[in-house]
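Peer 1: Provided below: structure-v8.cif, containing mmCIF, C-alpha atoms.
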```cif
data_protein
loop_
_atom_site.label_atom_id
_atom_site.label_comp_id
_atom_site.auth_asym_id
_atom_site.auth_seq_id
_atom_site.Cartn_x
_atom_site.Cartn_y
_atom_site.Cartn_z
CA MET P 1 -30.77 6.61 -86.81
CA ARG P 2 -31.82 3.68 -84.66
CA HIS P 3 -34.49 1.33 -85.97
CA ARG P 4 -37.14 -0.82 -84.33
CA THR P 5 -39.24 -3.67 -85.66
CA LEU P 6 -42.84 -2.72 -86.42
CA GLY P 7 -44.43 -5.69 -84.69
CA ARG P 8 -45.15 -8.78 -86.75
CA THR P 9 -44.79 -6.82 -90.01
CA GLY P 10 -41.05 -7.30 -89.67
CA LEU P 11 -40.50 -3.82 -91.13
CA LYS P 12 -37.43 -2.08 -89.71
CA VAL P 13 -38.62 1.47 -89.16
CA SER P 14 -36.72 4.46 -87.84
CA GLU P 15 -37.68 4.93 -84.23
CA VAL P 16 -38.38 8.58 -85.02
CA GLY P 17 -40.76 8.74 -87.97
CA PHE P 18 -42.56 11.55 -89.78
CA GLY P 19 -46.12 12.73 -89.16
CA GLY P 20 -47.66 14.27 -92.27
CA ILE P 21 -50.29 16.62 -90.83
CA PRO P 22 -48.33 19.92 -90.41
CA ILE P 23 -46.95 20.12 -93.97
CA GLN P 24 -50.46 21.08 -95.06
CA THR P 25 -49.74 24.53 -93.63
CA LEU P 26 -46.62 25.08 -95.77
CA SER P 27 -46.22 26.11 -99.38
CA HIS P 28 -45.90 23.18 -101.79
CA SER P 29 -42.18 23.77 -102.32
CA GLY P 30 -41.61 24.25 -98.60
CA ALA P 31 -43.36 20.99 -97.78
CA VAL P 32 -41.38 19.08 -100.42
CA ALA P 33 -38.13 20.47 -99.00
CA VAL P 34 -39.09 19.34 -95.50
CA VAL P 35 -39.91 15.79 -96.62
CA ARG P 36 -36.70 15.51 -98.63
CA ARG P 37 -34.73 16.56 -95.56
CA VAL P 38 -36.60 13.89 -93.58
CA LEU P 39 -35.20 11.26 -95.95
CA ASP P 40 -31.72 12.81 -95.87
CA VAL P 41 -31.44 12.48 -92.09
CA GLY P 42 -32.38 8.80 -92.12
CA VAL P 43 -36.07 8.86 -91.24
CA ASN P 44 -37.66 6.05 -93.27
CA PHE P 45 -41.26 5.89 -91.96
CA LEU P 46 -43.64 8.47 -93.42
CA ASP P 47 -47.22 8.69 -92.23
CA THR P 48 -49.99 10.59 -94.01
CA ALA P 49 -53.70 10.22 -94.78
CA ARG P 50 -56.28 10.84 -97.47
CA ALA P 51 -57.89 13.29 -95.05
CA TYR P 52 -54.73 15.43 -94.77
CA THR P 53 -55.63 17.57 -97.80
CA THR P 54 -52.35 18.21 -99.67
CA SER P 55 -50.09 15.96 -97.57
CA GLU P 56 -50.09 12.91 -99.86
CA GLU P 57 -49.42 14.94 -102.99
CA ARG P 58 -46.52 16.77 -101.38
CA ILE P 59 -44.97 13.58 -100.05
CA GLY P 60 -45.39 12.03 -103.50
CA ASP P 61 -43.47 14.85 -105.15
CA ALA P 62 -40.77 14.74 -102.48
CA ILE P 63 -40.05 11.01 -102.79
CA LYS P 64 -39.82 10.88 -106.59
CA GLY P 65 -36.71 8.87 -107.38
CA GLN P 66 -36.31 7.95 -103.69
CA ARG P 67 -39.17 5.53 -103.11
CA SER P 68 -36.81 2.80 -101.91
CA LYS P 69 -35.61 5.03 -99.06
CA CYS P 70 -38.94 5.10 -97.28
CA MET P 71 -41.91 3.14 -96.05
CA ILE P 72 -45.26 4.82 -96.52
CA ALA P 73 -48.27 4.59 -94.25
CA THR P 74 -51.52 6.26 -95.26
CA LYS P 75 -55.12 6.06 -94.12
CA THR P 76 -58.78 6.24 -95.08
CA VAL P 77 -61.83 7.35 -93.14
CA ALA P 78 -64.04 5.31 -95.50
CA ARG P 79 -66.19 2.69 -93.77
CA THR P 80 -67.37 0.77 -96.84
CA ALA P 81 -65.45 -1.39 -99.29
CA GLU P 82 -66.36 0.90 -102.16
CA GLY P 83 -65.15 3.98 -100.31
CA VAL P 84 -61.85 2.31 -99.39
CA GLU P 85 -61.15 1.29 -102.99
CA ARG P 86 -61.79 4.85 -104.16
CA ASP P 87 -59.60 6.40 -101.46
CA LEU P 88 -56.75 3.94 -101.92
CA GLN P 89 -56.53 4.55 -105.65
CA LYS P 90 -56.47 8.31 -105.07
CA SER P 91 -53.76 7.93 -102.42
CA LEU P 92 -51.57 5.77 -104.64
CA THR P 93 -51.92 8.24 -107.50
CA LEU P 94 -50.98 11.25 -105.37
CA LEU P 95 -48.11 9.41 -103.68
CA GLY P 96 -46.80 8.30 -107.07
CA THR P 97 -46.46 4.67 -106.06
CA SER P 98 -48.07 1.35 -106.96
CA ASN P 99 -48.28 0.23 -103.33
CA VAL P 100 -47.84 1.31 -99.73
CA GLU P 101 -46.35 -0.67 -96.88
CA LEU P 102 -49.14 0.14 -94.44
CA TYR P 103 -52.79 1.11 -95.00
CA GLN P 104 -54.82 2.12 -91.98
CA LEU P 105 -58.44 2.52 -90.95
CA HIS P 106 -58.45 6.12 -89.79
CA ASN P 107 -59.93 7.42 -86.53
CA VAL P 108 -62.10 4.49 -85.45
CA MET P 109 -63.57 5.99 -82.31
CA SER P 110 -66.17 3.50 -81.08
CA ASP P 111 -66.87 -0.22 -80.82
CA GLU P 112 -69.86 0.35 -83.12
CA THR P 113 -67.64 1.81 -85.85
CA LEU P 114 -65.19 -1.07 -85.42
CA LYS P 115 -68.05 -3.53 -85.99
CA GLU P 116 -69.19 -1.52 -89.01
CA VAL P 117 -65.84 -1.64 -90.79
CA MET P 118 -65.43 -5.36 -90.07
CA LYS P 119 -68.84 -6.54 -91.27
CA PRO P 120 -69.22 -8.23 -94.70
CA GLY P 121 -68.91 -5.59 -97.39
CA GLY P 122 -67.26 -3.21 -94.96
CA ALA P 123 -63.94 -1.45 -95.18
CA LEU P 124 -61.87 -4.40 -93.97
CA ASP P 125 -62.97 -6.53 -96.93
CA ALA P 126 -61.47 -3.96 -99.30
CA PHE P 127 -58.27 -3.83 -97.25
CA LYS P 128 -57.85 -7.58 -97.60
CA LYS P 129 -58.54 -7.45 -101.32
CA ALA P 130 -55.95 -4.69 -101.73
CA ARG P 131 -53.44 -6.80 -99.81
CA ARG P 132 -54.08 -9.77 -102.11
CA GLU P 133 -53.56 -7.51 -105.11
CA GLY P 134 -50.25 -6.21 -103.74
CA LYS P 135 -51.44 -2.63 -103.34
CA ILE P 136 -50.81 -2.73 -99.59
CA GLN P 137 -48.62 -4.95 -97.46
CA PHE P 138 -50.08 -4.60 -93.99
CA ILE P 139 -53.27 -3.44 -92.32
CA GLY P 140 -53.44 -0.96 -89.45
CA ILE P 141 -56.00 0.95 -87.42
CA THR P 142 -55.84 4.33 -85.68
CA SER P 143 -57.85 5.74 -82.80
CA HIS P 144 -57.69 8.20 -79.94
CA ARG P 145 -59.51 5.65 -77.76
CA PRO P 146 -57.30 2.89 -76.27
CA SER P 147 -60.37 0.80 -75.40
CA VAL P 148 -61.34 0.57 -79.08
CA LEU P 149 -57.83 -0.47 -80.06
CA ILE P 150 -57.82 -3.18 -77.40
CA GLN P 151 -60.90 -4.68 -79.06
CA ALA P 152 -59.31 -4.28 -82.50
CA ILE P 153 -56.17 -6.14 -81.45
CA LYS P 154 -58.25 -8.99 -80.07
CA THR P 155 -59.79 -9.58 -83.52
CA GLY P 156 -56.36 -10.54 -84.86
CA GLU P 157 -57.02 -8.59 -88.07
CA PHE P 158 -54.67 -5.66 -87.57
CA ASP P 159 -50.89 -5.63 -87.90
CA THR P 160 -50.47 -2.20 -86.31
CA ILE P 161 -52.21 0.33 -84.12
CA MET P 162 -51.72 4.09 -83.99
CA VAL P 163 -52.57 5.92 -80.77
CA PRO P 164 -51.62 9.11 -78.88
CA LEU P 165 -49.02 8.79 -76.13
CA ASN P 166 -47.34 11.61 -74.28
CA TYR P 167 -46.66 12.63 -70.69
CA VAL P 168 -50.32 13.62 -70.24
CA GLU P 169 -51.86 10.61 -71.98
CA ARG P 170 -50.20 7.57 -70.38
CA THR P 171 -53.03 5.24 -69.40
CA LEU P 172 -52.48 3.10 -72.51
CA LEU P 173 -49.20 1.92 -70.99
CA GLN P 174 -51.21 -0.11 -68.48
CA GLU P 175 -53.09 -2.40 -70.89
CA LEU P 176 -53.00 -1.42 -74.57
CA ILE P 177 -49.25 -1.35 -75.19
CA PRO P 178 -48.57 -4.57 -73.22
CA LEU P 179 -51.33 -6.30 -75.26
CA ALA P 180 -49.86 -4.98 -78.50
CA ASN P 181 -46.43 -6.35 -77.61
CA LYS P 182 -47.86 -9.69 -76.48
CA THR P 183 -49.69 -10.15 -79.80
CA GLY P 184 -46.94 -8.81 -82.05
CA THR P 185 -48.97 -5.76 -83.04
CA GLY P 186 -46.82 -2.82 -84.06
CA SER P 187 -47.43 0.39 -82.11
CA ILE P 188 -47.17 3.75 -83.87
CA ILE P 189 -47.29 6.73 -81.54
CA MET P 190 -48.91 10.00 -82.58
CA LYS P 191 -49.17 13.24 -80.59
CA PRO P 192 -45.93 12.64 -78.63
CA LEU P 193 -45.73 16.40 -78.11
CA GLY P 194 -49.45 16.80 -77.52
CA GLY P 195 -49.81 18.39 -80.95
CA GLY P 196 -46.96 20.75 -80.11
CA ALA P 197 -48.27 21.66 -76.64
CA PHE P 198 -45.13 20.29 -74.96
CA THR P 199 -42.51 22.96 -75.55
CA ASN P 200 -39.61 20.81 -74.30
CA ALA P 201 -39.76 18.59 -77.37
CA GLU P 202 -36.54 16.67 -76.80
CA GLU P 203 -37.54 15.53 -73.34
CA ALA P 204 -41.11 14.74 -74.40
CA LEU P 205 -39.90 12.57 -77.28
CA LYS P 206 -37.35 10.80 -75.11
CA PHE P 207 -40.09 9.93 -72.64
CA VAL P 208 -42.12 8.24 -75.37
CA LEU P 209 -39.13 6.45 -76.87
CA ASN P 210 -38.29 5.02 -73.46
CA GLN P 211 -41.59 3.10 -73.64
CA PRO P 212 -41.91 -0.31 -75.40
CA VAL P 213 -43.33 1.13 -78.64
CA SER P 214 -42.36 0.66 -82.28
CA THR P 215 -42.00 4.21 -83.60
CA VAL P 216 -43.06 7.76 -82.84
CA ILE P 217 -44.28 10.15 -85.56
CA PRO P 218 -44.03 13.79 -84.49
CA GLY P 219 -45.35 16.24 -87.04
CA VAL P 220 -42.92 18.84 -88.33
CA CYS P 221 -43.28 22.04 -90.31
CA SER P 222 -39.66 23.12 -90.75
CA ILE P 223 -36.28 21.65 -91.64
CA LYS P 224 -35.01 22.74 -88.22
CA GLU P 225 -37.65 20.61 -86.51
CA VAL P 226 -36.78 17.66 -88.76
CA GLU P 227 -33.15 17.85 -87.69
CA GLN P 228 -33.97 18.31 -84.01
CA ASN P 229 -36.28 15.30 -83.96
CA ALA P 230 -33.90 13.11 -85.95
CA ALA P 231 -31.08 13.91 -83.54
CA ILE P 232 -33.09 12.27 -80.77
CA GLY P 233 -33.14 9.07 -82.81
CA THR P 234 -29.34 8.92 -82.64
CA ALA P 235 -28.65 10.33 -79.16
CA PRO P 236 -28.83 8.47 -75.83
CA LEU P 237 -32.40 8.30 -74.53
CA THR P 238 -31.45 8.96 -70.92
CA LEU P 239 -34.09 11.06 -69.17
CA GLY P 240 -32.92 12.42 -65.83
CA LYS P 241 -35.01 13.27 -62.78
CA ASP P 242 -34.89 16.99 -63.60
CA ALA P 243 -36.28 16.34 -67.07
CA GLU P 244 -39.09 14.21 -65.72
CA LYS P 245 -39.89 16.90 -63.20
CA ARG P 246 -40.17 19.47 -65.99
CA LEU P 247 -42.47 17.17 -67.97
CA GLU P 248 -44.61 16.58 -64.91
CA GLU P 249 -44.92 20.32 -64.30
CA GLN P 250 -45.94 21.00 -67.88
CA ALA P 251 -48.41 18.12 -67.85
CA LYS P 252 -50.08 19.64 -64.78
CA ILE P 253 -50.36 22.98 -66.53
CA LEU P 254 -51.85 21.42 -69.67
CA GLY P 255 -54.29 19.17 -67.85
CA GLN P 256 -56.61 17.20 -70.14
CA THR P 257 -58.48 20.08 -71.79
CA PHE P 258 -55.95 21.24 -74.34
CA CYS P 259 -56.17 21.13 -78.12
CA ARG P 260 -53.91 18.57 -79.82
CA ALA P 261 -54.33 20.21 -83.26
CA CYS P 262 -55.63 17.02 -84.88
CA ASP P 263 -58.27 19.10 -86.73
CA TYR P 264 -60.90 16.38 -86.63
CA CYS P 265 -63.25 19.22 -85.64
CA GLN P 266 -63.04 20.54 -89.19
CA PRO P 267 -64.56 21.64 -91.46
CA CYS P 268 -66.30 24.48 -89.65
CA PRO P 269 -69.46 25.72 -91.42
CA GLU P 270 -68.16 29.28 -91.05
CA GLY P 271 -64.62 28.41 -92.13
CA ILE P 272 -63.09 29.15 -88.72
CA PRO P 273 -59.55 27.72 -88.44
CA ILE P 274 -60.31 26.26 -85.03
CA SER P 275 -56.95 24.88 -83.97
CA ALA P 276 -55.22 28.07 -85.13
CA LEU P 277 -57.21 29.83 -82.39
CA THR P 278 -57.39 27.16 -79.67
CA ARG P 279 -53.61 26.76 -79.97
CA VAL P 280 -52.71 30.34 -80.81
CA ASP P 281 -50.35 30.86 -77.85
CA THR P 282 -48.47 27.65 -78.62
CA PHE P 283 -48.22 28.43 -82.33
CA ILE P 284 -46.93 31.94 -81.67
CA LYS P 285 -44.22 30.58 -79.36
CA ARG P 286 -43.28 28.09 -82.07
CA MET P 287 -43.64 30.25 -85.20
CA GLY P 288 -43.42 33.81 -83.94
CA TRP P 289 -46.16 36.45 -84.05
CA GLU P 290 -45.45 37.70 -87.57
CA SER P 291 -45.48 34.22 -89.10
CA TRP P 292 -48.68 33.21 -87.31
CA TYR P 293 -50.47 36.45 -88.15
CA SER P 294 -49.48 36.43 -91.82
CA ARG P 295 -51.13 33.01 -92.18
CA ASN P 296 -54.12 33.57 -89.90
CA LYS P 297 -55.03 37.26 -90.04
CA GLU P 298 -58.52 36.39 -91.29
CA ALA P 299 -59.08 33.98 -88.41
CA LEU P 300 -60.54 36.56 -86.04
CA LYS P 301 -62.96 37.86 -88.67
CA LYS P 302 -64.22 34.34 -89.22
CA TYR P 303 -64.42 33.75 -85.48
CA GLU P 304 -66.87 36.65 -85.19
CA ASN P 305 -69.23 34.66 -87.47
CA CYS P 306 -69.36 31.64 -85.11
CA GLN P 307 -72.97 30.45 -84.80
CA GLU P 308 -72.20 28.30 -81.74
CA CYS P 309 -73.58 25.26 -83.56
CA ARG P 310 -71.08 23.07 -81.66
CA GLN P 311 -70.52 20.74 -84.61
CA CYS P 312 -66.83 21.02 -83.81
CA GLU P 313 -67.38 19.78 -80.26
CA SER P 314 -69.39 16.79 -81.44
CA LYS P 315 -66.49 15.73 -83.70
CA CYS P 316 -63.64 16.31 -81.23
CA PRO P 317 -62.08 12.96 -80.19
CA TYR P 318 -61.15 14.49 -76.84
CA GLN P 319 -64.62 15.96 -76.19
CA LEU P 320 -63.13 19.39 -75.56
CA PRO P 321 -65.23 22.51 -74.81
CA ILE P 322 -64.01 24.09 -78.04
CA LEU P 323 -66.18 27.20 -77.88
CA GLU P 324 -64.86 28.01 -74.42
CA LEU P 325 -61.28 27.36 -75.47
CA MET P 326 -61.59 29.61 -78.52
CA ALA P 327 -63.11 32.42 -76.47
CA GLU P 328 -60.33 32.15 -73.88
CA LYS P 329 -57.55 32.17 -76.48
CA VAL P 330 -59.06 35.00 -78.54
CA THR P 331 -59.32 37.13 -75.40
CA TRP P 332 -55.64 36.40 -74.67
CA LEU P 333 -54.67 37.19 -78.27
CA ARG P 334 -56.40 40.57 -78.25
CA LYS P 335 -54.79 41.53 -74.95
CA GLN P 336 -51.32 40.55 -76.10
CA TYR P 337 -51.32 41.65 -79.73
CA GLY P 338 -54.40 43.80 -80.30
CA SER P 339 -52.34 46.89 -81.12
CA ARG P 340 -50.42 44.96 -83.82
CA MET P 341 -53.47 43.70 -85.69
CA THR P 342 -54.43 45.54 -88.86
#
```
Taking this structure as input, can you express it in the form of structure tokens?

Peer 2:
Amino acid sequence: MRHRTLGRTGLKVSEVGFGGIPIQTLSHSGAVAVVRRVLDVGVNFLDTARAYTTSEERIGDAIKGQRSKCMIATKTVARTAEGVERDLQKSLTLLGTSNVELYQLHNVMSDETLKEVMKPGGALDAFKKARREGKIQFIGITSHRPSVLIQAIKTGEFDTIMVPLNYVERTLLQELIPLANKTGTGSIIMKPLGGGAFTNAEEALKFVLNQPVSTVIPGVCSIKEVEQNAAIGTAPLTLGKDAEKRLEEQAKILGQTFCRACDYCQPCPEGIPISALTRVDTFIKRMGWESWYSRNKEALKKYENCQECRQCESKCPYQLPILELMAEKVTWLRKQYGSRMT
């Protein structure tokens, strides 16, 4: 596995890391097995978050006795010092460690929120205190808005940024990534496969790794996916014209209005598993009909209870028309598999 330096942190991280969102969908033992395989194949950068339900606990169980083999990054959505301290202690307990290498402000989506977390008594004060106490080594920030991260970098307070980059979302290569490199800010790339929307995963990952970034953290939900992703971190990153043409064609099909499965739209007041429906065609291609249906057979019943409150749309970082997307995908699902639903 090749390694890259995570900006001014000096940490040598595997260029293919691990995104901890999808293991929430697995059984506890299945998730632990996936994370242990991640370590076995040489991936040493594990990313999770307090908001990822069971992810921290499962990673904690998986790395018992192997803490030295990995670097852990986790996050908090807290905006006050008190909230950060509470979240950090919970994260450390679940992860089974006394410290993490990187602690990140999670999903800062506006300049106003950035100002809020940086004001006296705000979240950043607690981050600095935790760093002094040795509970964290470095401070990061994540966002789906490159403009917010540009402002964050200019403050000089953040060692790393986390941002989506894939063949659809490339505008950050014009200003954000060059600024990060100029200032020594590590760049962690999420959504390299568009939340799984890019079916040609190898080519999509190679495209991202050919950019001047620190590491890429695709989410995985099987040992097979772990091994496929890790292989890219050891193979040549050559991306031929045919591969780029295929990526371009898929990007045109996806457009901008596709669900990345970040689940920031949750929780739904009616308990609708939104991304399971807005991404149903992609998930079925990836998991197979039987696997998807066994996990989501109640999804359609819950969908019928939708009150069209649009809370999900107000929380979506991509401002997607979620109600329209769900209706479109549910119609497709019923046409394709209606006779197999019980």

Peer 1: Select, from P:Glu203, P:Glu112, P:Glu225, P:Asp47, the residue with the minimum atom-to-atom distance to P:Asp242, counting all atoms listed in the file.

Peer 2: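 Answer, going by the shortest atom-to-atom distance: P:Glu203.
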
Peer 1: Evaluating the PyMOL selection byres ((chain P and resi 146) around 12) on the displayed file yields which residues, as a ChimeraX atom specification?

Peer 2: /P:107-111,141-145,147-153,161-165,169-180,187,189,317

Peer 1: May I ask which of the residues P:Gln104, P:Thr74, P:Arg8, P:Ser222 is the closest one to P:Ser29, counting all atoms listed in the file?

Peer 2: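 Nearest to P:Ser29: P:Ser222.
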
Peer 1: For P:Asp125, list every protein, DNA or RNA residue within 12 Å, evaluated using all atoms listed in the file, and leave out those in the same chain fewer than 2 positions away; present the list as a PyMOL selection string.

Peer 2: chain P and resi 78-85+105+116-123+127-132+139+157

Peer 1: Excluding P:Phe207 and residues on its chain fewer than 6 positions from it, collect all residues at most 12 Å away from it, counting all atoms listed in the file, and give them as a tab-separated table (two decimals) with C-alpha atoms, in the frame of the given file.

Peer 2:
```tsv
chain	number	residue	atom	x	y	z
P	165	LEU	CA	-49.02	8.79	-76.13
P	166	ASN	CA	-47.34	11.61	-74.28
P	167	TYR	CA	-46.66	12.63	-70.69
P	168	VAL	CA	-50.32	13.62	-70.24
P	169	GLU	CA	-51.86	10.61	-71.98
P	170	ARG	CA	-50.20	7.57	-70.38
P	189	ILE	CA	-47.29	6.73	-81.54
P	192	PRO	CA	-45.93	12.64	-78.63
P	193	LEU	CA	-45.73	16.40	-78.11
P	198	PHE	CA	-45.13	20.29	-74.96
P	200	ASN	CA	-39.61	20.81	-74.30
P	201	ALA	CA	-39.76	18.59	-77.37
P	213	VAL	CA	-43.33	1.13	-78.64
P	216	VAL	CA	-43.06	7.76	-82.84
P	232	ILE	CA	-33.09	12.27	-80.77
P	236	PRO	CA	-28.83	8.47	-75.83
P	237	LEU	CA	-32.40	8.30	-74.53
P	238	THR	CA	-31.45	8.96	-70.92
P	239	LEU	CA	-34.09	11.06	-69.17
P	240	GLY	CA	-32.92	12.42	-65.83
P	241	LYS	CA	-35.01	13.27	-62.78
P	243	ALA	CA	-36.28	16.34	-67.07
P	244	GLU	CA	-39.09	14.21	-65.72
P	245	LYS	CA	-39.89	16.90	-63.20
P	246	ARG	CA	-40.17	19.47	-65.99
P	247	LEU	CA	-42.47	17.17	-67.97
P	248	GLU	CA	-44.61	16.58	-64.91
```

Peer 1: Can you pull out every residue within 9 Å of stretch 13-28 of chain P, counting only C-alpha atoms, but drop anything in the same chain fewer than 3 positions away, and send it as an NGL selection string?

Peer 2: :P and (1-6 or 31-35 or 38 or 42-49 or 52-56 or 58-59 or 70-71 or 190 or 205 or 209 or 213-222 or 226 or 229-230 or 232-233 or 262 or 295)

Peer 1: For the residues in the current selection, export C-alpha atoms as a PDB file, in the frame of the given file.

Peer 2:
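again-v4.pdb, freshly written:
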```pdb
ATOM      1  CA  MET P   1     -30.770   6.610 -86.810  1.00  0.00           C
ATOM      2  CA  ARG P   2     -31.820   3.680 -84.660  1.00  0.00           C
ATOM      3  CA  HIS P   3     -34.490   1.330 -85.970  1.00  0.00           C
ATOM      4  CA  ARG P   4     -37.140  -0.820 -84.330  1.00  0.00           C
ATOM      5  CA  THR P   5     -39.240  -3.670 -85.660  1.00  0.00           C
ATOM      6  CA  LEU P   6     -42.840  -2.720 -86.420  1.00  0.00           C
ATOM      7  CA  ALA P  31     -43.360  20.990 -97.780  1.00  0.00           C
ATOM      8  CA  VAL P  32     -41.380  19.080-100.420  1.00  0.00           C
ATOM      9  CA  ALA P  33     -38.130  20.470 -99.000  1.00  0.00           C
ATOM     10  CA  VAL P  34     -39.090  19.340 -95.500  1.00  0.00           C
ATOM     11  CA  VAL P  35     -39.910  15.790 -96.620  1.00  0.00           C
ATOM     12  CA  VAL P  38     -36.600  13.890 -93.580  1.00  0.00           C
ATOM     13  CA  GLY P  42     -32.380   8.800 -92.120  1.00  0.00           C
ATOM     14  CA  VAL P  43     -36.070   8.860 -91.240  1.00  0.00           C
ATOM     15  CA  ASN P  44     -37.660   6.050 -93.270  1.00  0.00           C
ATOM     16  CA  PHE P  45     -41.260   5.890 -91.960  1.00  0.00           C
ATOM     17  CA  LEU P  46     -43.640   8.470 -93.420  1.00  0.00           C
ATOM     18  CA  ASP P  47     -47.220   8.690 -92.230  1.00  0.00           C
ATOM     19  CA  THR P  48     -49.990  10.590 -94.010  1.00  0.00           C
ATOM     20  CA  ALA P  49     -53.700  10.220 -94.780  1.00  0.00           C
ATOM     21  CA  TYR P  52     -54.730  15.430 -94.770  1.00  0.00           C
ATOM     22  CA  THR P  53     -55.630  17.570 -97.800  1.00  0.00           C
ATOM     23  CA  THR P  54     -52.350  18.210 -99.670  1.00  0.00           C
ATOM     24  CA  SER P  55     -50.090  15.960 -97.570  1.00  0.00           C
ATOM     25  CA  GLU P  56     -50.090  12.910 -99.860  1.00  0.00           C
ATOM     26  CA  ARG P  58     -46.520  16.770-101.380  1.00  0.00           C
ATOM     27  CA  ILE P  59     -44.970  13.580-100.050  1.00  0.00           C
ATOM     28  CA  CYS P  70     -38.940   5.100 -97.280  1.00  0.00           C
ATOM     29  CA  MET P  71     -41.910   3.140 -96.050  1.00  0.00           C
ATOM     30  CA  MET P 190     -48.910  10.000 -82.580  1.00  0.00           C
ATOM     31  CA  LEU P 205     -39.900  12.570 -77.280  1.00  0.00           C
ATOM     32  CA  LEU P 209     -39.130   6.450 -76.870  1.00  0.00           C
ATOM     33  CA  VAL P 213     -43.330   1.130 -78.640  1.00  0.00           C
ATOM     34  CA  SER P 214     -42.360   0.660 -82.280  1.00  0.00           C
ATOM     35  CA  THR P 215     -42.000   4.210 -83.600  1.00  0.00           C
ATOM     36  CA  VAL P 216     -43.060   7.760 -82.840  1.00  0.00           C
ATOM     37  CA  ILE P 217     -44.280  10.150 -85.560  1.00  0.00           C
ATOM     38  CA  PRO P 218     -44.030  13.790 -84.490  1.00  0.00           C
ATOM     39  CA  GLY P 219     -45.350  16.240 -87.040  1.00  0.00           C
ATOM     40  CA  VAL P 220     -42.920  18.840 -88.330  1.00  0.00           C
ATOM     41  CA  CYS P 221     -43.280  22.040 -90.310  1.00  0.00           C
ATOM     42  CA  SER P 222     -39.660  23.120 -90.750  1.00  0.00           C
ATOM     43  CA  VAL P 226     -36.780  17.660 -88.760  1.00  0.00           C
ATOM     44  CA  ASN P 229     -36.280  15.300 -83.960  1.00  0.00           C
ATOM     45  CA  ALA P 230     -33.900  13.110 -85.950  1.00  0.00           C
ATOM     46  CA  ILE P 232     -33.090  12.270 -80.770  1.00  0.00           C
ATOM     47  CA  GLY P 233     -33.140   9.070 -82.810  1.00  0.00           C
ATOM     48  CA  CYS P 262     -55.630  17.020 -84.880  1.00  0.00           C
ATOM     49  CA  ARG P 295     -51.130  33.010 -92.180  1.00  0.00           C
TER      50      ARG P 295
END
```

Peer 1: For this structure, which residues satisfy the selection - the PyMOL selection byres ((chain P and resi 278) around 6) - when it is evaluated on the file as given? I want them as a list in words.

Peer 2: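 So the PyMOL selection byres ((chain P and resi 278) around 6) ends up selecting Ser275, Ala276, Leu277, Arg279, Val280, Leu325, Met326 and Lys329 of chain P.
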
Peer 1: At what distance in Å, to one decimal, does atom CA of P:Cys316 lie from atom CA of P:Trp292?

Peer 2: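 Separation between atom CA of P:Trp292 and atom CA of P:Cys316: 23.4 Å.
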
Peer 1: If you apply the PyMOL selection byres ((chain P and resi 315) around 10) to this file, what residues do you get, as a PDB file with C-alpha atoms, keeping the file's coordinate frame?

Peer 2:
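The resulting file, out.pdb, is reproduced below:
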```
ATOM      1  CA  ASP P 263     -58.270  19.100 -86.730  1.00  0.00           C
ATOM      2  CA  TYR P 264     -60.900  16.380 -86.630  1.00  0.00           C
ATOM      3  CA  CYS P 265     -63.250  19.220 -85.640  1.00  0.00           C
ATOM      4  CA  GLN P 266     -63.040  20.540 -89.190  1.00  0.00           C
ATOM      5  CA  PRO P 267     -64.560  21.640 -91.460  1.00  0.00           C
ATOM      6  CA  ARG P 310     -71.080  23.070 -81.660  1.00  0.00           C
ATOM      7  CA  GLN P 311     -70.520  20.740 -84.610  1.00  0.00           C
ATOM      8  CA  CYS P 312     -66.830  21.020 -83.810  1.00  0.00           C
ATOM      9  CA  GLU P 313     -67.380  19.780 -80.260  1.00  0.00           C
ATOM     10  CA  SER P 314     -69.390  16.790 -81.440  1.00  0.00           C
ATOM     11  CA  CYS P 316     -63.640  16.310 -81.230  1.00  0.00           C
ATOM     12  CA  PRO P 317     -62.080  12.960 -80.190  1.00  0.00           C
ATOM     13  CA  TYR P 318     -61.150  14.490 -76.840  1.00  0.00           C
ATOM     14  CA  GLN P 319     -64.620  15.960 -76.190  1.00  0.00           C
ATOM     15  CA  LEU P 320     -63.130  19.390 -75.560  1.00  0.00           C
TER      16      LEU P 320
END
```

Peer 1: May I have the residues within 6 Å of P:Thr185 as a list in words, using only C-alpha atoms and disregarding those fewer than 4 positions away in the same chain?

Peer 2: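 The residues satisfying every condition are Gly7, Asp159, Thr160 and Ala180 of chain P.
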
Peer 1: What does the structure give for the distance between atom CA of P:Asp281 and atom CA of P:Lys191, in Å to one decimal?

Peer 2: 17.9 Å

Peer 1: In Å to one decimal, how far is atom CA of P:Asn305 from atom CA of P:Cys268?

Peer 2: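 Computing it gives 10.8 Å between the two atoms.
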
Peer 1: Around stretch 169-180 of chain P, with edges along x, y and z and 4 Å added on all six sides, what centre and edge lengths do you get, in Å to one decimal, as AutoDock Vina command-line options?

Peer 2:
```
--center_x -50.8 --center_y 2.2 --center_z -73.5 --size_x 12.5 --size_y 24.9 --size_z 18.0
```

Peer 1: Choose the residue, out of P:Lys75, P:Lys115, P:Arg340, P:Arg86, that has the smallest atom-to-atom separation from P:Phe138; count all atoms listed in the file.

Peer 2: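 Answer, going by the shortest atom-to-atom distance: P:Lys75.
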
Peer 1: Choose the residue, out of P:Arg50, P:Lys302, P:Lys224, P:His106, that has the smallest atom-to-atom separation from P:Gln89; count only C-alpha atoms.

Peer 2: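 Among P:Arg50, P:Lys302, P:Lys224, P:His106, it is P:Arg50 that comes nearest to P:Gln89.
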